[in-house]
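**Student:** Input structure: upload_3.cif, which contains mmCIF, C-alpha atoms and all ligand atoms.
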```cif
data_run
#
loop_
_atom_site.group_PDB
_atom_site.id
_atom_site.type_symbol
_atom_site.label_atom_id
_atom_site.label_comp_id
_atom_site.auth_asym_id
_atom_site.auth_seq_id
_atom_site.Cartn_x
_atom_site.Cartn_y
_atom_site.Cartn_z
ATOM 1 C CA MET V 233 95.787 161.926 140.492
ATOM 2 C CA ARG V 234 92.964 159.448 140.683
ATOM 3 C CA PRO V 235 93.162 156.563 138.203
ATOM 4 C CA ARG V 236 91.422 157.590 135.016
ATOM 5 C CA GLN V 237 90.651 156.573 131.484
ATOM 6 C CA LEU V 238 92.177 158.369 128.483
ATOM 7 C CA GLY V 239 90.232 156.866 125.617
ATOM 8 C CA GLU V 240 91.292 153.221 125.679
ATOM 9 C CA ILE V 241 94.303 153.966 127.895
ATOM 10 C CA ARG V 242 94.120 153.404 131.639
ATOM 11 C CA LEU V 243 96.201 155.949 133.552
ATOM 12 C CA ALA V 244 97.337 155.742 137.174
ATOM 13 C CA ARG V 245 100.326 156.745 139.210
ATOM 14 C CA VAL V 246 102.514 155.409 141.986
ATOM 15 C CA LEU V 247 103.651 158.104 144.377
ATOM 16 C CA GLU V 248 107.002 157.268 145.935
ATOM 17 C CA THR V 249 107.250 160.361 148.151
ATOM 18 C CA GLU V 250 105.714 163.790 148.538
ATOM 19 C CA GLY V 251 106.538 166.654 150.853
ATOM 20 C CA PRO V 252 108.536 169.852 151.347
ATOM 21 C CA GLU V 253 111.782 169.113 149.536
ATOM 22 C CA TRP V 254 113.669 172.174 148.310
ATOM 23 C CA LEU V 255 113.864 175.834 149.202
ATOM 24 C CA PRO V 256 112.576 177.548 146.055
ATOM 25 C CA GLN V 257 115.818 179.407 145.445
ATOM 26 C CA ALA V 258 117.901 176.248 145.872
ATOM 27 C CA LEU V 259 115.975 174.516 143.094
ATOM 28 C CA ILE V 260 115.235 177.552 140.924
ATOM 29 C CA PRO V 261 117.853 180.288 141.471
ATOM 30 C CA GLN V 262 115.557 183.107 140.304
ATOM 31 C CA ALA V 263 112.803 182.096 142.756
ATOM 32 C CA THR V 264 114.067 184.486 145.418
ATOM 33 C CA PRO V 265 111.765 185.629 148.253
ATOM 34 C CA GLU V 266 111.467 189.023 146.497
ATOM 35 C CA ASN V 267 110.566 187.498 143.134
ATOM 36 C CA LEU V 268 108.053 185.128 144.754
ATOM 37 C CA ALA V 269 106.352 187.828 146.857
ATOM 38 C CA PRO V 270 103.701 188.656 144.212
ATOM 39 C CA HIS V 271 102.798 184.961 143.983
ATOM 40 C CA ARG V 272 102.620 183.982 147.644
ATOM 41 C CA HIS V 273 98.835 184.182 147.754
ATOM 42 C CA TRP V 274 98.446 181.289 145.315
ATOM 43 C CA LEU V 275 101.618 179.392 146.210
ATOM 44 C CA MET V 276 100.638 178.925 149.868
ATOM 45 C CA PRO V 277 99.819 176.390 151.272
ATOM 46 C CA ASN V 278 99.657 173.805 148.482
ATOM 47 C CA ILE V 279 102.767 174.595 146.448
ATOM 48 C CA ILE V 280 104.996 176.140 149.105
ATOM 49 C CA ASP V 281 104.777 174.692 152.598
ATOM 50 C CA PRO V 282 104.094 177.574 155.026
ATOM 51 C CA ALA V 283 105.949 175.842 157.881
ATOM 52 C CA THR V 284 109.259 175.303 156.093
ATOM 53 C CA GLY V 285 109.044 177.688 153.134
ATOM 54 C CA MET V 286 109.982 174.761 150.903
ATOM 55 C CA LEU V 287 108.458 173.666 147.613
ATOM 56 C CA ILE V 288 106.160 170.694 148.085
ATOM 57 C CA MET V 289 107.250 168.129 145.534
ATOM 58 C CA ALA V 290 106.140 164.680 144.490
ATOM 59 C CA THR V 291 108.298 161.878 143.131
ATOM 60 C CA GLN V 292 106.202 159.464 141.137
ATOM 61 C CA SER V 293 105.786 157.037 138.270
ATOM 62 C CA TYR V 294 102.902 157.037 135.842
ATOM 63 C CA VAL V 295 101.381 153.682 134.936
ATOM 64 C CA VAL V 296 100.007 153.564 131.408
ATOM 65 C CA ARG V 297 97.974 150.562 130.305
ATOM 66 C CA THR V 298 97.097 150.409 126.632
ATOM 67 C CA ARG V 299 95.227 147.565 124.994
ATOM 68 C CA HIS V 300 98.563 145.900 124.315
ATOM 69 C CA HIS V 301 101.060 147.055 126.913
ATOM 70 C CA THR V 302 101.713 148.010 130.519
ATOM 71 C CA ILE V 303 104.149 150.921 130.567
ATOM 72 C CA LEU V 304 105.881 152.656 133.455
ATOM 73 C CA ILE V 305 107.032 156.239 132.880
ATOM 74 C CA ASP V 306 109.977 157.213 135.128
ATOM 75 C CA THR V 307 110.954 155.167 138.144
ATOM 76 C CA CYS V 308 111.628 157.576 141.030
ATOM 77 C CA VAL V 309 114.574 157.314 143.454
ATOM 78 C CA GLY V 310 114.452 153.608 144.299
ATOM 79 C CA GLU V 311 115.848 151.826 147.328
ATOM 80 C CA HIS V 312 119.328 151.145 148.753
ATOM 81 C CA LYS V 313 120.950 153.600 146.339
ATOM 82 C CA PRO V 314 123.895 155.571 147.728
ATOM 83 C CA ARG V 315 123.311 159.240 146.815
ATOM 84 C CA SER V 316 125.423 162.089 148.104
ATOM 85 C CA TYR V 317 123.844 165.179 146.505
ATOM 86 C CA HIS V 318 120.423 165.066 148.138
ATOM 87 C CA ALA V 319 120.078 163.565 151.621
ATOM 88 C CA SER V 320 116.500 162.309 151.274
ATOM 89 C CA TRP V 321 117.474 160.245 148.229
ATOM 90 C CA ASN V 322 120.338 158.482 150.006
ATOM 91 C CA MET V 323 119.837 154.783 150.850
ATOM 92 C CA ARG V 324 116.087 155.144 150.772
ATOM 93 C CA SER V 325 114.290 152.026 152.000
ATOM 94 C CA GLY V 326 110.942 150.808 153.259
ATOM 95 C CA THR V 327 108.859 152.661 150.658
ATOM 96 C CA ARG V 328 105.528 151.265 149.468
ATOM 97 C CA TYR V 329 106.468 151.649 145.815
ATOM 98 C CA LEU V 330 106.209 148.012 144.671
ATOM 99 C CA ALA V 331 103.225 147.359 146.984
ATOM 100 C CA ASP V 332 101.399 150.357 145.540
ATOM 101 C CA LEU V 333 102.180 149.160 142.031
ATOM 102 C CA ALA V 334 100.826 145.715 142.952
ATOM 103 C CA ALA V 335 97.707 147.361 144.394
ATOM 104 C CA LEU V 336 97.049 148.704 140.891
ATOM 105 C CA GLY V 337 97.213 145.116 139.653
ATOM 106 C CA VAL V 338 100.728 145.449 138.237
ATOM 107 C CA GLN V 339 103.353 142.943 139.359
ATOM 108 C CA PRO V 340 106.954 143.673 138.249
ATOM 109 C CA GLU V 341 106.773 140.794 135.744
ATOM 110 C CA ALA V 342 103.783 142.423 134.031
ATOM 111 C CA VAL V 343 105.552 145.629 133.001
ATOM 112 C CA ASP V 344 106.243 145.543 129.248
ATOM 113 C CA PHE V 345 108.060 148.874 128.859
ATOM 114 C CA VAL V 346 109.875 151.272 131.166
ATOM 115 C CA MET V 347 110.300 154.735 129.666
ATOM 116 C CA CYS V 348 112.643 157.275 131.268
ATOM 117 C CA THR V 349 112.177 160.940 130.379
ATOM 118 C CA HIS V 350 115.822 161.407 131.324
ATOM 119 C CA LEU V 351 118.477 159.677 133.395
ATOM 120 C CA HIS V 352 118.681 161.765 136.580
ATOM 121 C CA PRO V 353 118.674 159.790 139.863
ATOM 122 C CA ASP V 354 115.016 160.556 140.722
ATOM 123 C CA HIS V 355 113.785 159.173 137.383
ATOM 124 C CA VAL V 356 115.682 155.870 137.100
ATOM 125 C CA GLY V 357 115.867 154.505 140.658
ATOM 126 C CA TRP V 358 113.437 151.592 140.436
ATOM 127 C CA ASN V 359 114.940 150.527 137.109
ATOM 128 C CA THR V 360 116.982 148.166 139.280
ATOM 129 C CA ARG V 361 116.903 146.621 142.709
ATOM 130 C CA LEU V 362 119.512 144.959 144.859
ATOM 131 C CA VAL V 363 119.404 141.136 144.828
ATOM 132 C CA ASP V 364 122.228 139.208 146.519
ATOM 133 C CA GLY V 365 124.510 142.225 146.268
ATOM 134 C CA ARG V 366 123.871 142.800 142.549
ATOM 135 C CA TRP V 367 121.748 145.379 140.747
ATOM 136 C CA VAL V 368 119.210 143.588 138.577
ATOM 137 C CA PRO V 369 116.309 144.930 136.501
ATOM 138 C CA THR V 370 113.271 145.332 138.792
ATOM 139 C CA PHE V 371 110.963 144.622 135.863
ATOM 140 C CA PRO V 372 112.480 141.445 134.414
ATOM 141 C CA ASN V 373 110.318 141.221 131.283
ATOM 142 C CA ALA V 374 110.345 144.903 130.408
ATOM 143 C CA ARG V 375 112.116 146.640 127.563
ATOM 144 C CA TYR V 376 113.681 149.785 128.997
ATOM 145 C CA VAL V 377 113.382 152.572 126.441
ATOM 146 C CA PHE V 378 116.278 155.038 126.630
ATOM 147 C CA ALA V 379 116.833 157.928 124.240
ATOM 148 C CA ARG V 380 120.178 157.209 122.621
ATOM 149 C CA ALA V 381 121.289 160.861 122.937
ATOM 150 C CA GLU V 382 120.539 160.851 126.669
ATOM 151 C CA TYR V 383 122.207 157.506 127.283
ATOM 152 C CA ASP V 384 125.352 158.360 125.310
ATOM 153 C CA PHE V 385 125.786 161.646 127.192
ATOM 154 C CA TRP V 386 125.552 160.069 130.646
ATOM 155 C CA GLU V 387 127.411 156.873 129.807
ATOM 156 C CA ALA V 388 130.416 158.888 128.622
ATOM 157 C CA LYS V 389 130.355 160.998 131.787
ATOM 158 C CA ALA V 390 129.928 157.976 134.057
ATOM 159 C CA ARG V 391 132.953 156.345 132.445
ATOM 160 C CA ARG V 392 135.003 159.410 133.374
ATOM 161 C CA ASP V 393 133.662 159.788 136.925
ATOM 162 C CA PRO V 394 130.640 157.755 138.082
ATOM 163 C CA LYS V 395 130.011 159.766 141.258
ATOM 164 C CA LYS V 396 130.480 163.289 140.019
ATOM 165 C CA PHE V 397 128.033 163.395 137.150
ATOM 166 C CA ALA V 398 124.917 161.423 137.988
ATOM 167 C CA ASP V 399 125.490 160.683 141.661
ATOM 168 C CA GLY V 400 126.016 157.001 140.855
ATOM 169 C CA SER V 401 122.636 156.517 139.194
ATOM 170 C CA ILE V 402 124.044 155.534 135.799
ATOM 171 C CA ILE V 403 126.241 152.886 137.419
ATOM 172 C CA ASP V 404 123.539 151.291 139.580
ATOM 173 C CA SER V 405 120.286 152.041 137.704
ATOM 174 C CA VAL V 406 121.084 152.250 133.993
ATOM 175 C CA LEU V 407 124.197 150.212 133.081
ATOM 176 C CA PRO V 408 122.905 147.010 134.790
ATOM 177 C CA VAL V 409 119.789 147.223 132.606
ATOM 178 C CA VAL V 410 121.976 147.475 129.509
ATOM 179 C CA ALA V 411 124.196 144.611 130.730
ATOM 180 C CA ALA V 412 121.091 142.448 131.229
ATOM 181 C CA GLY V 413 120.119 143.059 127.592
ATOM 182 C CA ARG V 414 116.874 144.813 128.540
ATOM 183 C CA ALA V 415 117.645 148.284 127.107
ATOM 184 C CA VAL V 416 116.372 149.602 123.781
ATOM 185 C CA MET V 417 118.103 152.724 122.460
ATOM 186 C CA VAL V 418 115.812 154.939 120.430
ATOM 187 C CA GLY V 419 115.596 158.355 118.795
ATOM 188 C CA THR V 420 114.104 161.215 120.786
ATOM 189 C CA ASP V 421 110.898 161.099 118.724
ATOM 190 C CA HIS V 422 110.475 157.339 118.903
ATOM 191 C CA ALA V 423 106.912 155.993 118.711
ATOM 192 C CA LEU V 424 106.063 152.843 120.638
ATOM 193 C CA ASP V 425 102.817 152.676 118.682
ATOM 194 C CA ASP V 426 100.072 155.097 117.663
ATOM 195 C CA GLN V 427 99.131 155.728 121.321
ATOM 196 C CA VAL V 428 102.521 156.281 122.994
ATOM 197 C CA TRP V 429 105.504 158.228 121.665
ATOM 198 C CA LEU V 430 108.427 160.370 122.737
ATOM 199 C CA GLU V 431 108.461 164.093 122.163
ATOM 200 C CA PRO V 432 111.927 165.716 122.307
ATOM 201 C CA SER V 433 112.156 168.339 125.071
ATOM 202 C CA HIS V 434 115.896 168.873 125.493
ATOM 203 C CA GLY V 435 117.522 171.354 127.838
ATOM 204 C CA HIS V 436 117.107 169.996 131.352
ATOM 205 C CA THR V 437 119.341 167.226 130.039
ATOM 206 C CA PRO V 438 120.729 166.810 126.486
ATOM 207 C CA GLY V 439 118.374 163.975 125.493
ATOM 208 C CA HIS V 440 115.393 164.805 127.712
ATOM 209 C CA CYS V 441 112.057 163.650 126.281
ATOM 210 C CA SER V 442 108.429 163.994 127.217
ATOM 211 C CA VAL V 443 105.998 161.144 126.638
ATOM 212 C CA ARG V 444 102.849 161.759 124.590
ATOM 213 C CA LEU V 445 99.751 159.637 124.987
ATOM 214 C CA ALA V 446 96.703 159.679 122.746
ATOM 215 C CA SER V 447 93.649 157.501 122.363
ATOM 216 C CA GLN V 448 90.278 158.041 120.777
ATOM 217 C CA GLY V 449 90.796 161.798 120.514
ATOM 218 C CA ARG V 450 91.966 162.165 124.116
ATOM 219 C CA ASN V 451 95.467 163.497 124.753
ATOM 220 C CA ALA V 452 98.007 163.610 127.562
ATOM 221 C CA VAL V 453 101.705 164.384 127.939
ATOM 222 C CA MET V 454 104.104 163.416 130.698
ATOM 223 C CA SER V 455 106.322 166.491 130.872
ATOM 224 C CA GLY V 456 109.313 165.056 132.709
ATOM 225 C CA ASP V 457 111.573 167.714 134.212
ATOM 226 C CA LEU V 458 111.153 170.436 131.607
ATOM 227 C CA ILE V 459 109.213 172.042 134.451
ATOM 228 C CA HIS V 460 109.551 171.383 138.201
ATOM 229 C CA SER V 461 107.020 173.633 139.913
ATOM 230 C CA PRO V 462 103.852 175.551 139.015
ATOM 231 C CA VAL V 463 105.775 178.739 139.799
ATOM 232 C CA GLN V 464 107.492 178.221 136.414
ATOM 233 C CA CYS V 465 104.100 178.590 134.700
ATOM 234 C CA ALA V 466 104.092 182.168 135.956
ATOM 235 C CA HIS V 467 107.805 182.531 135.152
ATOM 236 C CA PRO V 468 108.599 180.070 132.359
ATOM 237 C CA GLU V 469 111.964 181.763 131.828
ATOM 238 C CA TRP V 470 113.197 180.458 135.211
ATOM 239 C CA SER V 471 115.244 177.271 134.770
ATOM 240 C CA SER V 472 116.264 174.957 137.569
ATOM 241 C CA ALA V 473 119.741 174.837 139.050
ATOM 242 C CA GLY V 474 119.969 171.264 137.777
ATOM 243 C CA CYS V 475 119.294 172.123 134.134
ATOM 244 C CA PHE V 476 122.200 171.159 131.882
ATOM 245 C CA ASP V 477 121.472 173.999 129.432
ATOM 246 C CA LYS V 478 119.401 176.660 131.186
ATOM 247 C CA ALA V 479 118.722 178.742 128.075
ATOM 248 C CA GLN V 480 117.588 175.731 126.059
ATOM 249 C CA SER V 481 115.530 174.503 129.010
ATOM 250 C CA ALA V 482 113.714 177.864 129.145
ATOM 251 C CA ARG V 483 113.054 177.805 125.392
ATOM 252 C CA THR V 484 111.724 174.250 125.632
ATOM 253 C CA ARG V 485 109.484 175.103 128.616
ATOM 254 C CA ILE V 486 108.041 178.205 126.922
ATOM 255 C CA GLU V 487 107.417 176.250 123.722
ATOM 256 C CA PHE V 488 105.760 173.433 125.691
ATOM 257 C CA LEU V 489 103.510 175.804 127.657
ATOM 258 C CA ASN V 490 102.516 177.638 124.473
ATOM 259 C CA ARG V 491 101.772 174.390 122.668
ATOM 260 C CA TYR V 492 99.529 172.946 125.369
ATOM 261 C CA ALA V 493 97.942 176.137 126.758
ATOM 262 C CA GLU V 494 94.161 176.218 126.361
ATOM 263 C CA SER V 495 94.253 172.700 124.891
ATOM 264 C CA ASP V 496 92.519 169.545 126.065
ATOM 265 C CA THR V 497 95.887 167.835 126.656
ATOM 266 C CA LEU V 498 96.205 166.593 130.211
ATOM 267 C CA VAL V 499 99.696 167.397 131.506
ATOM 268 C CA LEU V 500 101.176 164.765 133.809
ATOM 269 C CA THR V 501 103.990 166.442 135.713
ATOM 270 C CA ALA V 502 106.943 164.760 137.326
ATOM 271 C CA HIS V 503 107.114 166.813 140.499
ATOM 272 C CA PHE V 504 104.120 169.121 140.986
ATOM 273 C CA PRO V 505 102.322 168.420 144.282
ATOM 274 C CA THR V 506 99.214 166.227 144.364
ATOM 275 C CA PRO V 507 97.155 165.880 142.244
ATOM 276 C CA SER V 508 100.217 166.610 140.002
ATOM 277 C CA VAL V 509 98.196 166.622 136.762
ATOM 278 C CA GLY V 510 96.112 169.275 135.053
ATOM 279 C CA TYR V 511 95.892 171.750 132.211
ATOM 280 C CA VAL V 512 97.956 174.749 131.116
ATOM 281 C CA VAL V 513 95.977 177.971 130.846
ATOM 282 C CA ARG V 514 97.116 181.409 129.764
ATOM 283 C CA GLU V 515 97.353 184.132 132.383
ATOM 284 C CA GLY V 516 98.484 187.593 131.315
ATOM 285 C CA ASN V 517 101.759 187.203 129.433
ATOM 286 C CA ALA V 518 102.457 183.866 131.070
ATOM 287 C CA PHE V 519 100.602 180.775 132.236
ATOM 288 C CA ARG V 520 98.867 179.107 135.150
ATOM 289 C CA PHE V 521 98.425 175.420 135.956
ATOM 290 C CA ARG V 522 94.841 174.318 136.552
ATOM 291 C CA PHE V 523 95.107 171.159 138.644
ATOM 292 C CA ASP V 524 92.682 168.387 137.853
ATOM 293 C CA ALA V 525 92.124 166.013 140.771
HETATM 294 ZN ZN ZN V 601 113.305 165.125 138.649
#
```
Give the structure from the file, written as C-alpha cells.

**Tutor:**
Amino acid sequence: MRPRQLGEIRLARVLETEGPEWLPQALIPQATPENLAPHRHWLMPNIIDPATGMLIMATQSYVVRTRHHTILIDTCVGEHKPRSYHASWNMRSGTRYLADLAALGVQPEAVDFVMCTHLHPDHVGWNTRLVDGRWVPTFPNARYVFARAEYDFWEAKARRDPKKFADGSIIDSVLPVVAAGRAVMVGTDHALDDQVWLEPSHGHTPGHCSVRLASQGRNAVMSGDLIHSPVQCAHPEWSSAGCFDKAQSARTRIEFLNRYAESDTLVLTAHFPTPSVGYVVREGNAFRFRFDA
C-alpha cells in the first residue's frame, strides 16, 4: 500500500516480511488442491506462488497518524524471539522494521498508541525488544491497548504453560509491557476517539478485534486475522487451522464481508500480499477482494 490520506488521517504501513509462507492446506485445511482448482486462474501468480505452491503472505504494521496521535496497529514477529511453531519466525533478526518506520518519520519515542488486533506471535513481536538481556517496550512512550478478554485468555494459558499456547509470545512480548506499566486493558468495542475504535471480531481468538478508522466521511478497517487470504473471500466458510473457534471465526468473517461488501470502506488486511489493502465486492454467492494499490 502506498501512503495515503483518509480524511485527516495519514495511513502508511511497515512491511516486515512478504513471500511464500504456507501451503494453502496447512493454513486453511479446506483449501485442498481439488477445492482450489476452480480458483487457480486468479490465485496465480500473485496470491499463490507458482514455484512453491505456497500462499504469498505479508506480515506488516499499519501506521495511523491522526491530528492528535501516532498509532501502530499490530507489530509483526519482531526480532530475537525464540519461536518453535513456525521456522521463519524463530530468532528473526536484521529486518528493516525500525528503519522503515523511521523512514516514515516515526521514531519509537513518537508512537502514542500500539493496538493489537489479537495476541498471536506475528501481531505482538515488536511490542518489545531485547536490551541488555531484558525485554523492554520498543515504544517507550506508547500506551499499548489490549482487549481485556484477549489478554485474560492468553495470560491464563501462559501461566499454565508459556510455550505450548502462544509459542512464548505472551511471556516476551505482552507481559513485559504490562510489567512496565504501559498496557491499557479495554473492552472489545473501545473507542480511542471519534476517528479510531475497536470493532469486536471474535473467533480467530476469543478477544480478537478489528480496528475501525474514520475521518471526514472516509472509512477504513484493519481486519486483523479474521481473514488470512483472498481465497477466503471466495470461500468465507473456510477458517484457518489456527482459529480458536472455527465456527465463530467463519460467522465473523461472513458478517464482516457482508458488512463491507460494495461499501467505500478500505479494508487493511493483516496478511494479504502487496498491496494488501482494497475493497470487498460481491461475486456470485460469495465475495472477491479488489486490491487498491
Ligand atoms: Zn497473523

**Student:** Could you tell me, counting all atoms listed in the file, which protein and nucleic acid residues lie no more than 8 Å from ligand ZN 601 (chain V), written as a VMD selection string?

**Tutor:** chain V and resid 291 352 to 355 456 to 457 460 502 to 503

**Student:** Find the distance between atom CA of V:Thr349 and atom CA of V:Trp429 and write it in Å to one decimal.

**Tutor:**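 Between atom CA of V:Thr349 and atom CA of V:Trp429 the gap is 11.3 Å.
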
**Student:** Given the PyMOL selection byres (((chain V and resi 348) around 6) and not hetatm) and the file above, list the residues it selects as a list in words.

**Tutor:**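 Checking the PyMOL selection byres (((chain V and resi 348) around 6) and not hetatm) against this file, the residues are Ile305, Asp306, Met347, Thr349 and His350 of chain V.
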
**Student:** Hey, which bits of stretch 306-375 of chain V sit within 9 Å of stretch 395-401 of chain V, and for each residue what's the closest pair of atoms and how far apart in Å (one decimal), counting all atoms listed in the file, rows by chain and increasing number, as CSV?

**Tutor:**
```
residue,atom,partner,partner_atom,distance
V:Lys313,CA,V:Ser401,CA,7.9
V:Pro314,CA,V:Gly400,CA,7.3
V:Arg315,CA,V:Asp399,CA,5.8
V:Ser316,CA,V:Asp399,CA,6.6
V:Tyr317,CA,V:Asp399,CA,6.8
V:Leu351,CA,V:Ser401,CA,7.8
V:His352,CA,V:Ala398,CA,6.4
V:Pro353,CA,V:Ser401,CA,5.2
V:Asp354,CA,V:Ser401,CA,8.8
V:Val356,CA,V:Ser401,CA,7.3
V:Gly357,CA,V:Ser401,CA,7.2
```

**Student:** To verify the selection step, state as a PyMOL selection string which residues the PyMOL selection byres (((chain V and resi 344) around 9) and not hetatm) yields on this input.

**Tutor:** chain V and resi 301-304+341-343+345-346+371+373-376

**Student:** Give me the residues within 12 Å of V:Arg483 as a PyMOL selection string, counting all atoms listed in the file and dropping any in the same chain fewer than 2 places off.

**Tutor:** chain V and resi 433-436+458-459+468-471+477-481+485-490

**Student:** Which one of V:Ala446, V:Met417, V:Met233, V:Met289 sits closest to V:Gly251 if you count only C-alpha atoms?

**Tutor:**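 Ranking V:Ala446, V:Met417, V:Met233, V:Met289 by distance to V:Gly251, first place goes to V:Met289.
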